[in-house]
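Q: File follows, input18.cif with mmCIF, C-alpha atoms:
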data_start
#
loop_
_atom_site.group_PDB
_atom_site.id
_atom_site.type_symbol
_atom_site.label_atom_id
_atom_site.label_comp_id
_atom_site.auth_asym_id
_atom_site.auth_seq_id
_atom_site.Cartn_x
_atom_site.Cartn_y
_atom_site.Cartn_z
ATOM 1 C CA MET A 3 0.000 0.000 0.000
ATOM 2 C CA THR A 4 1.332 3.434 -0.946
ATOM 3 C CA THR A 5 2.045 5.907 1.854
ATOM 4 C CA THR A 6 1.119 9.521 1.082
ATOM 5 C CA ARG A 7 3.211 12.149 2.813
ATOM 6 C CA ALA A 8 2.287 15.818 3.169
ATOM 7 C CA LEU A 9 4.486 18.769 4.093
ATOM 8 C CA VAL A 10 2.397 21.608 5.566
ATOM 9 C CA LEU A 11 3.975 25.070 5.677
ATOM 10 C CA ALA A 12 2.267 27.657 7.862
ATOM 11 C CA GLY A 13 2.119 31.438 7.689
ATOM 12 C CA GLY A 14 4.479 33.846 9.410
ATOM 13 C CA GLY A 15 5.569 36.693 7.150
ATOM 14 C CA LEU A 16 9.056 37.068 5.733
ATOM 15 C CA ALA A 17 10.385 35.774 9.033
ATOM 16 C CA GLY A 18 8.270 32.653 8.572
ATOM 17 C CA ILE A 19 9.569 32.052 5.060
ATOM 18 C CA ALA A 20 13.163 32.282 6.251
ATOM 19 C CA TRP A 21 12.513 30.172 9.347
ATOM 20 C CA GLU A 22 10.818 27.340 7.448
ATOM 21 C CA LEU A 23 13.606 27.208 4.883
ATOM 22 C CA GLY A 24 16.056 27.242 7.782
ATOM 23 C CA VAL A 25 14.318 24.295 9.453
ATOM 24 C CA LEU A 26 14.483 22.275 6.248
ATOM 25 C CA ARG A 27 18.134 23.244 5.781
ATOM 26 C CA GLY A 28 18.926 22.178 9.336
ATOM 27 C CA ILE A 29 17.264 18.800 8.831
ATOM 28 C CA ALA A 30 19.314 18.332 5.652
ATOM 29 C CA ASP A 31 22.485 19.183 7.606
ATOM 30 C CA VAL A 32 21.890 16.171 9.831
ATOM 31 C CA ASP A 33 20.394 13.827 7.239
ATOM 32 C CA PRO A 34 20.785 14.916 3.599
ATOM 33 C CA ASP A 35 18.710 11.999 2.333
ATOM 34 C CA LEU A 36 15.832 12.907 4.652
ATOM 35 C CA GLY A 37 16.083 16.515 3.526
ATOM 36 C CA ALA A 38 15.730 15.443 -0.090
ATOM 37 C CA ARG A 39 12.767 13.205 0.716
ATOM 38 C CA LEU A 40 10.983 16.032 2.528
ATOM 39 C CA LEU A 41 11.302 18.240 -0.547
ATOM 40 C CA ALA A 42 9.824 15.392 -2.607
ATOM 41 C CA ALA A 43 6.679 15.197 -0.433
ATOM 42 C CA ASP A 44 3.641 13.840 -2.250
ATOM 43 C CA VAL A 45 1.592 16.859 -1.162
ATOM 44 C CA LEU A 46 2.756 20.421 -0.433
ATOM 45 C CA ILE A 47 0.317 22.694 1.414
ATOM 46 C CA GLY A 48 1.116 26.365 1.910
ATOM 47 C CA THR A 49 -0.641 29.152 3.764
ATOM 48 C CA SER A 50 0.490 32.763 3.450
ATOM 49 C CA ALA A 51 4.285 32.724 3.932
ATOM 50 C CA GLY A 52 4.095 28.957 3.642
ATOM 51 C CA SER A 53 2.644 29.265 0.162
ATOM 52 C CA SER A 54 5.778 31.128 -0.923
ATOM 53 C CA VAL A 55 7.967 28.406 0.571
ATOM 54 C CA ALA A 56 5.888 25.645 -1.011
ATOM 55 C CA ALA A 57 6.033 27.389 -4.375
ATOM 56 C CA GLN A 58 9.803 27.742 -4.151
ATOM 57 C CA LEU A 59 10.305 24.109 -3.158
ATOM 58 C CA ALA A 60 7.987 22.846 -5.894
ATOM 59 C CA GLY A 61 9.818 24.944 -8.453
ATOM 60 C CA GLY A 62 12.937 22.839 -8.096
ATOM 61 C CA THR A 63 15.403 25.482 -6.909
ATOM 62 C CA PRO A 64 17.985 23.723 -4.686
ATOM 63 C CA LEU A 65 17.319 24.140 -0.974
ATOM 64 C CA ASP A 66 20.872 25.402 -0.459
ATOM 65 C CA ASP A 67 20.162 28.284 -2.838
ATOM 66 C CA LEU A 68 16.796 29.102 -1.266
ATOM 67 C CA TYR A 69 18.347 29.140 2.198
ATOM 68 C CA ALA A 70 21.374 31.169 1.133
ATOM 69 C CA ALA A 71 19.075 33.797 -0.371
ATOM 70 C CA GLN A 72 17.630 34.425 3.094
ATOM 71 C CA LEU A 73 21.042 35.523 4.326
ATOM 72 C CA THR A 74 21.377 38.312 1.753
ATOM 73 C CA PRO A 75 19.473 41.578 1.190
ATOM 74 C CA ALA A 76 16.101 41.236 -0.542
ATOM 75 C CA PRO A 77 15.744 44.205 -2.891
ATOM 76 C CA GLY A 78 12.535 42.788 -4.349
ATOM 77 C CA GLU A 79 10.686 42.861 -1.020
ATOM 78 C CA LEU A 80 8.697 45.844 0.250
ATOM 79 C CA ALA A 81 9.497 47.123 3.724
ATOM 80 C CA VAL A 82 6.419 47.776 5.840
ATOM 81 C CA ASP A 83 6.308 49.155 9.369
ATOM 82 C CA VAL A 84 3.686 47.169 11.278
ATOM 83 C CA ASP A 85 3.417 45.818 14.797
ATOM 84 C CA MET A 86 1.745 42.428 14.404
ATOM 85 C CA MET A 87 0.122 42.536 17.838
ATOM 86 C CA VAL A 88 -1.408 45.926 17.059
ATOM 87 C CA LEU A 89 -2.692 44.523 13.768
ATOM 88 C CA PHE A 90 -4.329 41.596 15.576
ATOM 89 C CA GLN A 91 -5.920 44.049 18.007
ATOM 90 C CA ARG A 92 -7.422 45.802 14.997
ATOM 91 C CA PHE A 93 -8.874 42.488 13.849
ATOM 92 C CA THR A 94 -10.274 41.864 17.328
ATOM 93 C CA ALA A 95 -12.044 45.203 17.311
ATOM 94 C CA ALA A 96 -13.456 44.554 13.837
ATOM 95 C CA THR A 97 -14.853 41.163 14.832
ATOM 96 C CA GLU A 98 -16.453 42.144 18.125
ATOM 97 C CA GLY A 99 -19.846 40.527 18.511
ATOM 98 C CA VAL A 100 -19.554 38.048 15.643
ATOM 99 C CA THR A 101 -21.285 34.706 16.124
ATOM 100 C CA THR A 102 -19.823 32.599 13.304
ATOM 101 C CA ALA A 103 -16.342 31.924 11.975
ATOM 102 C CA ALA A 104 -17.417 32.886 8.444
ATOM 103 C CA GLU A 105 -18.651 36.270 9.646
ATOM 104 C CA MET A 106 -15.386 36.814 11.478
ATOM 105 C CA ARG A 107 -13.460 36.143 8.253
ATOM 106 C CA ARG A 108 -15.713 38.495 6.276
ATOM 107 C CA ARG A 109 -15.159 41.280 8.801
ATOM 108 C CA ILE A 110 -11.409 40.851 8.673
ATOM 109 C CA ALA A 111 -11.584 40.852 4.880
ATOM 110 C CA ALA A 112 -13.533 44.103 5.133
ATOM 111 C CA VAL A 113 -10.564 45.579 7.016
ATOM 112 C CA ALA A 114 -8.405 44.599 4.055
ATOM 113 C CA LEU A 115 -10.810 46.124 1.544
ATOM 114 C CA ASP A 116 -10.929 49.394 3.496
ATOM 115 C CA THR A 117 -7.158 49.780 3.959
ATOM 116 C CA ASP A 118 -5.078 51.941 1.658
ATOM 117 C CA THR A 119 -2.104 49.823 0.568
ATOM 118 C CA VAL A 120 0.354 49.545 -2.294
ATOM 119 C CA ASP A 121 -1.127 48.871 -5.729
ATOM 120 C CA GLU A 122 -2.125 45.273 -6.342
ATOM 121 C CA ALA A 123 0.107 45.048 -9.425
ATOM 122 C CA VAL A 124 3.127 46.127 -7.369
ATOM 123 C CA ARG A 125 2.463 43.405 -4.830
ATOM 124 C CA LEU A 126 2.085 40.782 -7.571
ATOM 125 C CA GLU A 127 5.558 41.637 -8.834
ATOM 126 C CA VAL A 128 6.970 41.060 -5.348
ATOM 127 C CA ILE A 129 5.433 37.585 -5.271
ATOM 128 C CA ARG A 130 6.657 36.866 -8.788
ATOM 129 C CA SER A 131 10.207 37.735 -7.730
ATOM 130 C CA ARG A 132 9.974 35.158 -4.930
ATOM 131 C CA ILE A 133 8.821 32.152 -6.898
ATOM 132 C CA HIS A 134 10.715 32.706 -10.161
ATOM 133 C CA ASP A 135 8.144 30.801 -12.248
ATOM 134 C CA ALA A 136 4.747 31.966 -13.470
ATOM 135 C CA ASP A 137 3.472 28.452 -14.126
ATOM 136 C CA TRP A 138 2.095 25.885 -11.716
ATOM 137 C CA PRO A 139 4.628 23.128 -11.081
ATOM 138 C CA ASP A 140 3.702 19.551 -11.894
ATOM 139 C CA ARG A 141 3.210 18.716 -8.209
ATOM 140 C CA ASP A 142 0.295 18.311 -5.827
ATOM 141 C CA LEU A 143 0.697 21.832 -4.482
ATOM 142 C CA ARG A 144 -2.213 23.351 -2.560
ATOM 143 C CA VAL A 145 -2.284 27.086 -1.866
ATOM 144 C CA ILE A 146 -4.767 28.452 0.688
ATOM 145 C CA ALA A 147 -6.641 31.770 0.477
ATOM 146 C CA VAL A 148 -9.953 33.199 1.715
ATOM 147 C CA SER A 149 -12.713 34.838 -0.334
ATOM 148 C CA ALA A 150 -13.219 38.410 0.839
ATOM 149 C CA THR A 151 -16.865 38.184 -0.205
ATOM 150 C CA THR A 152 -18.001 34.971 1.451
ATOM 151 C CA GLY A 153 -15.281 34.374 4.032
ATOM 152 C CA ASP A 154 -14.898 30.843 2.699
ATOM 153 C CA ARG A 155 -11.567 29.093 2.481
ATOM 154 C CA VAL A 156 -10.371 28.360 -1.033
ATOM 155 C CA VAL A 157 -7.744 25.769 -1.963
ATOM 156 C CA PHE A 158 -6.006 26.632 -5.224
ATOM 157 C CA ASP A 159 -4.071 24.006 -7.171
ATOM 158 C CA ARG A 160 -2.858 23.463 -10.710
ATOM 159 C CA ASP A 161 -6.350 22.400 -11.784
ATOM 160 C CA SER A 162 -8.083 25.526 -10.449
ATOM 161 C CA GLY A 163 -7.565 27.577 -13.611
ATOM 162 C CA VAL A 164 -5.974 30.369 -11.565
ATOM 163 C CA PRO A 165 -2.591 31.926 -12.431
ATOM 164 C CA PHE A 166 0.108 30.610 -10.118
ATOM 165 C CA VAL A 167 1.431 34.012 -9.069
ATOM 166 C CA ASP A 168 -2.098 35.252 -8.348
ATOM 167 C CA ALA A 169 -2.839 32.223 -6.159
ATOM 168 C CA VAL A 170 0.322 32.680 -4.078
ATOM 169 C CA ALA A 171 -0.249 36.436 -3.830
ATOM 170 C CA ALA A 172 -3.812 35.842 -2.632
ATOM 171 C CA SER A 173 -2.565 33.443 0.033
ATOM 172 C CA CYS A 174 -0.056 36.096 1.188
ATOM 173 C CA ALA A 175 -2.469 39.072 1.164
ATOM 174 C CA VAL A 176 -2.260 39.995 4.854
ATOM 175 C CA PRO A 177 -5.368 42.083 5.671
ATOM 176 C CA GLY A 178 -4.600 45.643 6.648
ATOM 177 C CA VAL A 179 -1.109 45.412 5.142
ATOM 178 C CA TRP A 180 -1.282 44.125 1.555
ATOM 179 C CA PRO A 181 -4.057 44.524 -1.020
ATOM 180 C CA PRO A 182 -6.610 41.754 -1.581
ATOM 181 C CA VAL A 183 -5.885 39.944 -4.838
ATOM 182 C CA THR A 184 -8.410 40.018 -7.675
ATOM 183 C CA ILE A 185 -8.991 36.702 -9.439
ATOM 184 C CA GLY A 186 -11.877 36.799 -11.866
ATOM 185 C CA ASP A 187 -14.653 38.761 -10.174
ATOM 186 C CA THR A 188 -13.608 37.818 -6.637
ATOM 187 C CA ARG A 189 -11.068 39.333 -4.280
ATOM 188 C CA TYR A 190 -9.083 37.131 -1.939
ATOM 189 C CA VAL A 191 -7.165 37.653 1.282
ATOM 190 C CA ASP A 192 -4.561 35.750 3.254
ATOM 191 C CA GLY A 193 -5.279 32.068 3.921
ATOM 192 C CA GLY A 194 -4.205 32.690 7.505
ATOM 193 C CA VAL A 195 -7.553 34.409 8.076
ATOM 194 C CA HIS A 196 -9.000 30.891 8.148
ATOM 195 C CA SER A 197 -6.086 29.209 9.893
ATOM 196 C CA GLY A 198 -2.392 29.746 10.391
ATOM 197 C CA SER A 199 -1.568 26.368 8.897
ATOM 198 C CA ASN A 200 -4.745 24.855 7.362
ATOM 199 C CA ALA A 201 -3.264 21.473 8.221
ATOM 200 C CA ASP A 202 -6.646 19.784 7.793
ATOM 201 C CA VAL A 203 -6.246 20.222 4.022
ATOM 202 C CA ALA A 204 -3.870 17.250 4.331
ATOM 203 C CA ALA A 205 -6.814 15.000 5.252
ATOM 204 C CA GLY A 206 -6.384 11.628 3.564
ATOM 205 C CA CYS A 207 -2.593 11.687 3.782
ATOM 206 C CA ASP A 208 -0.874 9.046 5.897
ATOM 207 C CA VAL A 209 2.039 11.118 7.208
ATOM 208 C CA VAL A 210 1.865 14.862 7.870
ATOM 209 C CA LEU A 211 4.715 17.162 8.883
ATOM 210 C CA VAL A 212 3.732 20.701 9.859
ATOM 211 C CA LEU A 213 6.250 23.537 10.120
ATOM 212 C CA THR A 214 4.793 26.484 12.020
ATOM 213 C CA PRO A 215 6.739 29.536 13.251
ATOM 214 C CA THR A 216 4.764 29.677 16.496
ATOM 215 C CA VAL A 217 5.673 28.534 19.994
ATOM 216 C CA GLN A 218 3.992 25.340 21.131
ATOM 217 C CA GLY A 219 1.029 26.156 23.361
ATOM 218 C CA ALA A 220 0.753 29.767 22.185
ATOM 219 C CA PRO A 221 -2.863 30.983 21.956
ATOM 220 C CA THR A 222 -4.468 31.035 18.514
ATOM 221 C CA LEU A 223 -4.952 34.694 17.641
ATOM 222 C CA LEU A 224 -6.862 34.189 14.424
ATOM 223 C CA GLY A 225 -8.939 31.433 12.836
ATOM 224 C CA ARG A 226 -8.945 27.733 13.659
ATOM 225 C CA SER A 227 -6.370 26.252 15.967
ATOM 226 C CA LEU A 228 -3.765 23.796 14.770
ATOM 227 C CA GLU A 229 -4.814 21.462 17.583
ATOM 228 C CA ASN A 230 -8.320 21.164 16.153
ATOM 229 C CA GLU A 231 -6.954 20.576 12.671
ATOM 230 C CA VAL A 232 -4.725 17.787 13.925
ATOM 231 C CA VAL A 233 -7.853 16.098 15.286
ATOM 232 C CA ASP A 234 -9.407 16.395 11.820
ATOM 233 C CA LEU A 235 -6.471 14.444 10.366
ATOM 234 C CA GLY A 236 -7.631 11.334 12.194
ATOM 235 C CA ALA A 237 -5.287 8.378 12.087
ATOM 236 C CA ALA A 238 -2.476 10.090 10.170
ATOM 237 C CA ALA A 239 1.007 10.061 11.692
ATOM 238 C CA ILE A 240 1.578 13.729 12.512
ATOM 239 C CA GLN A 241 4.497 15.798 13.699
ATOM 240 C CA VAL A 242 4.451 19.535 14.301
ATOM 241 C CA VAL A 243 7.710 21.485 14.399
ATOM 242 C CA HIS A 244 7.264 24.701 16.390
ATOM 243 C CA ALA A 245 9.471 27.726 16.812
ATOM 244 C CA ASP A 246 11.564 28.032 19.956
ATOM 245 C CA GLU A 247 12.216 31.134 22.033
ATOM 246 C CA ALA A 248 15.323 32.017 20.032
ATOM 247 C CA SER A 249 13.245 31.908 16.862
ATOM 248 C CA VAL A 250 10.575 34.174 18.343
ATOM 249 C CA ALA A 251 13.268 36.653 19.306
ATOM 250 C CA ALA A 252 14.494 36.588 15.705
ATOM 251 C CA PHE A 253 10.979 37.306 14.406
ATOM 252 C CA GLY A 254 10.699 40.464 16.501
ATOM 253 C CA THR A 255 7.485 42.508 16.502
ATOM 254 C CA ASN A 256 7.305 42.836 12.717
ATOM 255 C CA SER A 257 7.599 39.463 11.015
ATOM 256 C CA LEU A 258 6.953 41.186 7.661
ATOM 257 C CA SER A 259 10.226 43.102 7.830
ATOM 258 C CA PRO A 260 13.002 42.018 5.444
ATOM 259 C CA ALA A 261 15.402 42.582 8.344
ATOM 260 C CA THR A 262 14.055 39.430 10.035
ATOM 261 C CA ARG A 263 15.109 37.101 7.243
ATOM 262 C CA GLU A 264 18.690 36.316 8.210
ATOM 263 C CA PRO A 265 18.192 35.867 11.977
ATOM 264 C CA SER A 266 15.033 33.809 11.377
ATOM 265 C CA ALA A 267 16.782 31.538 8.868
ATOM 266 C CA LEU A 268 19.652 30.948 11.279
ATOM 267 C CA ALA A 269 17.277 30.218 14.163
ATOM 268 C CA GLY A 270 15.230 27.857 12.006
ATOM 269 C CA ARG A 271 18.342 25.971 10.963
ATOM 270 C CA GLU A 272 19.169 25.262 14.605
ATOM 271 C CA VAL A 273 15.631 24.019 15.203
ATOM 272 C CA GLY A 274 15.905 21.772 12.136
ATOM 273 C CA ARG A 275 19.122 20.211 13.386
ATOM 274 C CA ARG A 276 17.506 19.421 16.735
ATOM 275 C CA VAL A 277 14.345 17.828 15.323
ATOM 276 C CA ALA A 278 15.898 15.935 12.404
ATOM 277 C CA GLY A 279 15.893 12.602 14.239
ATOM 278 C CA GLN A 280 12.239 12.903 15.222
ATOM 279 C CA VAL A 281 11.237 13.963 11.718
ATOM 280 C CA GLY A 282 13.119 11.031 10.229
ATOM 281 C CA THR A 283 11.240 8.620 12.488
ATOM 282 C CA ILE A 284 7.796 9.834 11.422
ATOM 283 C CA TRP A 285 8.615 10.466 7.757
ATOM 284 C CA GLY A 286 9.945 6.940 7.316
#
Please re-express this file's structure in structure tokens.

A:
Amino acid sequence: MTTTRALVLAGGGLAGIAWELGVLRGIADVDPDLGARLLAADVLIGTSAGSSVAAQLAGGTPLDDLYAAQLTPAPGELAVDVDMMVLFQRFTAATEGVTTAAEMRRRIAAVALDTDTVDEAVRLEVIRSRIHDADWPDRDLRVIAVSATTGDRVVFDRDSGVPFVDAVAASCAVPGVWPPVTIGDTRYVDGGVHSGSNADVAAGCDVVLVLTPTVQGAPTLLGRSLENEVVDLGAAAIQVVHADEASVAAFGTNSLSPATREPSALAGREVGRRVAGQVGTIWG
């Protein structure tokens, strides 16, 4: 019987991108064969920052190159001055009194629609510079976004008929920071509005590895909790790799800042080295 393995990459801004690549690089330091097998996962699932990582991995660029890029300046990225806790407080105020999760997501999307940001075309070029390829890779790659109109989660893949760059940009459209992305007659916002990881999209897979740049036990500030999604995965063998305190210090208060890339990548690499043995056991 074939075993289906899924690599789930959660959101976390530019710091999250660097950290997740660092974790994978650290695992490969300890066990190069395991590192290669992780990159060859049967299913790649990306939310927000994780969608950028998934897109890069699926595109075939060597992990060494992707990691090394995190240690150099990123002229293609836009600097934005935002305190993430203040942003979440804005979401809390906007969702006061809501009674359903869908309504909560619609209200947060409304924040995005009402915020003056950079032009959508400018943001699309930033995403294009990250993934280097405008076409969907020939992989089972699932990119998560949320409809600003309905509040429903949407899973984009190569069969969705949606341009690859647009799908990744939609998944990364942090409300109140970046513009919602227009696809057809619908606008979409960050998949993290539904869940930081959307790990339940891996339902049906036998082995699931989740990389999330959050501390284990930290409260869920937005959307569904990872703990509930793990329950949804049923009998799958699951491992979650969390950030440690050193990683959180590297992220700082603005995980969207390009300045967080190098320290987050270095911190993630140390985490990867520590968890490589455990990951190898579950990945098989």

Q: As a PyMOL selection string, please: the residues near Phe93 (chain A) (cut-off 12 Å, all atoms listed in the file, same-chain neighbours under 4 positions excluded).

A: chain A and resi 86-89+97-98+100+106-114+176-178+195+223-225

Q: Take the residues just selected and output them with C-alpha atoms as a compact mmCIF listing (two decimals), in the coordinates of the input.

A:
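Generated file (part06.txt):
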# COMPACT_ATOMS: atom_id res chain seq x y z
CA MET A 86 1.74 42.43 14.40
CA MET A 87 0.12 42.54 17.84
CA VAL A 88 -1.41 45.93 17.06
CA LEU A 89 -2.69 44.52 13.77
CA THR A 97 -14.85 41.16 14.83
CA GLU A 98 -16.45 42.14 18.12
CA VAL A 100 -19.55 38.05 15.64
CA MET A 106 -15.39 36.81 11.48
CA ARG A 107 -13.46 36.14 8.25
CA ARG A 108 -15.71 38.49 6.28
CA ARG A 109 -15.16 41.28 8.80
CA ILE A 110 -11.41 40.85 8.67
CA ALA A 111 -11.58 40.85 4.88
CA ALA A 112 -13.53 44.10 5.13
CA VAL A 113 -10.56 45.58 7.02
CA ALA A 114 -8.40 44.60 4.06
CA VAL A 176 -2.26 39.99 4.85
CA PRO A 177 -5.37 42.08 5.67
CA GLY A 178 -4.60 45.64 6.65
CA VAL A 195 -7.55 34.41 8.08
CA LEU A 223 -4.95 34.69 17.64
CA LEU A 224 -6.86 34.19 14.42
CA GLY A 225 -8.94 31.43 12.84

Q: Written as an NGL selection string, which residues does the PyMOL selection byres ((chain A and resi 24) around 10) give for the file shown?

A: :A and (18-23 or 25-30 or 65-66 or 68-70 or 72 or 263-275)

Q: Could you list the residues chosen by the PyMOL selection byres ((chain A and resi 240) around 9) in this structure as JSON, numbers by chain?

A: {"A": [208, 209, 210, 211, 212, 232, 235, 237, 238, 239, 241, 242, 284]}

Q: Pick out the residues sitting within 8 Å of Thr262 (chain A), and hand them over as a list in words; count all atoms listed in the file, and ignore anything fewer than 2 positions along from it in its own chain.

A: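 The neighbour list is Leu16, Ala17, Ala252, Phe253, Gly254, Ser257, Leu258, Ser259, Pro260, Glu264, Pro265 and Ser266 of chain A.
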
Q: Would you kindly identify which residues have an atom no farther than 9 Å from (0.3, 31.8, 0.3), using all atoms listed in the file and the file's own coordinates, and write them out as number ranges by chain?

A: A: 12-13, 48-57, 145-147, 169-175, 192-194

Q: How would the residues just chosen look if you wrote them out with C-alpha atoms as an mmCIF file, keeping the file's coordinate frame?

A:
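Contents of the output file part.cif:
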data_model
loop_
_atom_site.group_PDB
_atom_site.id
_atom_site.type_symbol
_atom_site.label_atom_id
_atom_site.label_comp_id
_atom_site.auth_asym_id
_atom_site.auth_seq_id
_atom_site.Cartn_x
_atom_site.Cartn_y
_atom_site.Cartn_z
ATOM 1 C CA ALA A 12 2.267 27.657 7.862
ATOM 2 C CA GLY A 13 2.119 31.438 7.689
ATOM 3 C CA GLY A 48 1.116 26.365 1.910
ATOM 4 C CA THR A 49 -0.641 29.152 3.764
ATOM 5 C CA SER A 50 0.490 32.763 3.450
ATOM 6 C CA ALA A 51 4.285 32.724 3.932
ATOM 7 C CA GLY A 52 4.095 28.957 3.642
ATOM 8 C CA SER A 53 2.644 29.265 0.162
ATOM 9 C CA SER A 54 5.778 31.128 -0.923
ATOM 10 C CA VAL A 55 7.967 28.406 0.571
ATOM 11 C CA ALA A 56 5.888 25.645 -1.011
ATOM 12 C CA ALA A 57 6.033 27.389 -4.375
ATOM 13 C CA VAL A 145 -2.284 27.086 -1.866
ATOM 14 C CA ILE A 146 -4.767 28.452 0.688
ATOM 15 C CA ALA A 147 -6.641 31.770 0.477
ATOM 16 C CA ALA A 169 -2.839 32.223 -6.159
ATOM 17 C CA VAL A 170 0.322 32.680 -4.078
ATOM 18 C CA ALA A 171 -0.249 36.436 -3.830
ATOM 19 C CA ALA A 172 -3.812 35.842 -2.632
ATOM 20 C CA SER A 173 -2.565 33.443 0.033
ATOM 21 C CA CYS A 174 -0.056 36.096 1.188
ATOM 22 C CA ALA A 175 -2.469 39.072 1.164
ATOM 23 C CA ASP A 192 -4.561 35.750 3.254
ATOM 24 C CA GLY A 193 -5.279 32.068 3.921
ATOM 25 C CA GLY A 194 -4.205 32.690 7.505
#

Q: Of the residues A:Asp67, A:Thr102, A:Val243, A:Ala150, which is the one nearest to Gln280 (chain A), using all atoms listed in the file?

A: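 Smallest separation from Gln280 (chain A) among the options: A:Val243.
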
Q: Select, counting only C-alpha atoms, all protein, DNA and RNA residues no farther than 10 Å from (-4.6, 22.8, 16.4) in file coordinates, and express the selection as a list in words.

A: Ser197, Gly198, Ser199, Asn200, Ala201, Asp202, Gly219, Thr222, Arg226, Ser227, Leu228, Glu229, Asn230, Glu231, Val232, Val233, Asp234 and Val242 of chain A

Q: Output C-alpha atoms for every residue in the selection just made, as an mmCIF file, in the frame of the given file.

A:
data_model
loop_
_atom_site.group_PDB
_atom_site.id
_atom_site.type_symbol
_atom_site.label_atom_id
_atom_site.label_comp_id
_atom_site.auth_asym_id
_atom_site.auth_seq_id
_atom_site.Cartn_x
_atom_site.Cartn_y
_atom_site.Cartn_z
ATOM 1 C CA SER A 197 -6.086 29.209 9.893
ATOM 2 C CA GLY A 198 -2.392 29.746 10.391
ATOM 3 C CA SER A 199 -1.568 26.368 8.897
ATOM 4 C CA ASN A 200 -4.745 24.855 7.362
ATOM 5 C CA ALA A 201 -3.264 21.473 8.221
ATOM 6 C CA ASP A 202 -6.646 19.784 7.793
ATOM 7 C CA GLY A 219 1.029 26.156 23.361
ATOM 8 C CA THR A 222 -4.468 31.035 18.514
ATOM 9 C CA ARG A 226 -8.945 27.733 13.659
ATOM 10 C CA SER A 227 -6.370 26.252 15.967
ATOM 11 C CA LEU A 228 -3.765 23.796 14.770
ATOM 12 C CA GLU A 229 -4.814 21.462 17.583
ATOM 13 C CA ASN A 230 -8.320 21.164 16.153
ATOM 14 C CA GLU A 231 -6.954 20.576 12.671
ATOM 15 C CA VAL A 232 -4.725 17.787 13.925
ATOM 16 C CA VAL A 233 -7.853 16.098 15.286
ATOM 17 C CA ASP A 234 -9.407 16.395 11.820
ATOM 18 C CA VAL A 242 4.451 19.535 14.301
#

Q: Dump as CSV the rows for residues of region 10-78 of chain A within 6 Å of region 130-143 of chain A: closest atom pair and distance in Å with one decimal, all atoms listed in the file counted, ordered by chain and rising residue number.

A:
residue,atom,partner,partner_atom,distance
A:Val45,CA,A:Asp142,CA,5.1
A:Leu46,CA,A:Leu143,CA,4.8
A:Ile47,CA,A:Leu143,CA,6.0
A:Gln58,CA,A:Ile133,CA,5.3

Q: Can you measure CA of Asp44 (chain A) to CA of Ser149 (chain A) for me? One decimal in Å is fine.

A: 26.7 Å

Q: Do you know which residues are at most 9 Å from Gly286 (chain A) counting all atoms listed in the file, after dropping those on the same chain fewer than 3 positions away, and could you put them as number ranges by chain?

A: A: 36, 209, 281-283

Q: Would you fill the gaps in region 120-131 of chain A so it has N, CA and C atoms, then print it as a CSV table (one decimal), in the frame of the given file?

A:
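So the final result, stored in result.csv, reads:
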chain,number,residue,atom,x,y,z
A,120,VAL,N,-0.3,49.4,-1.0
A,120,VAL,CA,0.4,49.5,-2.3
A,120,VAL,C,-0.6,49.0,-3.4
A,121,ASP,N,-0.3,49.4,-4.6
A,121,ASP,CA,-1.1,48.9,-5.7
A,121,ASP,C,-1.0,47.4,-5.8
A,122,GLU,N,-2.1,46.7,-6.2
A,122,GLU,CA,-2.1,45.3,-6.3
A,122,GLU,C,-1.1,44.8,-7.3
A,123,ALA,N,-0.9,45.5,-8.4
A,123,ALA,CA,0.1,45.0,-9.4
A,123,ALA,C,1.5,45.1,-8.9
A,124,VAL,N,1.8,46.0,-8.0
A,124,VAL,CA,3.1,46.1,-7.4
A,124,VAL,C,3.4,44.9,-6.5
A,125,ARG,N,2.3,44.6,-5.7
A,125,ARG,CA,2.5,43.4,-4.8
A,125,ARG,C,2.6,42.1,-5.6
A,126,LEU,N,1.9,42.0,-6.7
A,126,LEU,CA,2.1,40.8,-7.6
A,126,LEU,C,3.5,40.6,-8.1
A,127,GLU,N,4.2,41.7,-8.4
A,127,GLU,CA,5.6,41.6,-8.8
A,127,GLU,C,6.5,41.2,-7.7
A,128,VAL,N,6.2,41.5,-6.5
A,128,VAL,CA,7.0,41.1,-5.3
A,128,VAL,C,6.9,39.5,-5.2
A,129,ILE,N,5.6,39.0,-5.4
A,129,ILE,CA,5.4,37.6,-5.3
A,129,ILE,C,6.1,36.9,-6.4
A,130,ARG,N,6.0,37.5,-7.6
A,130,ARG,CA,6.7,36.9,-8.8
A,130,ARG,C,8.2,36.8,-8.6
A,131,SER,N,8.8,37.8,-7.9
A,131,SER,CA,10.2,37.7,-7.7
A,131,SER,C,10.6,36.6,-6.7
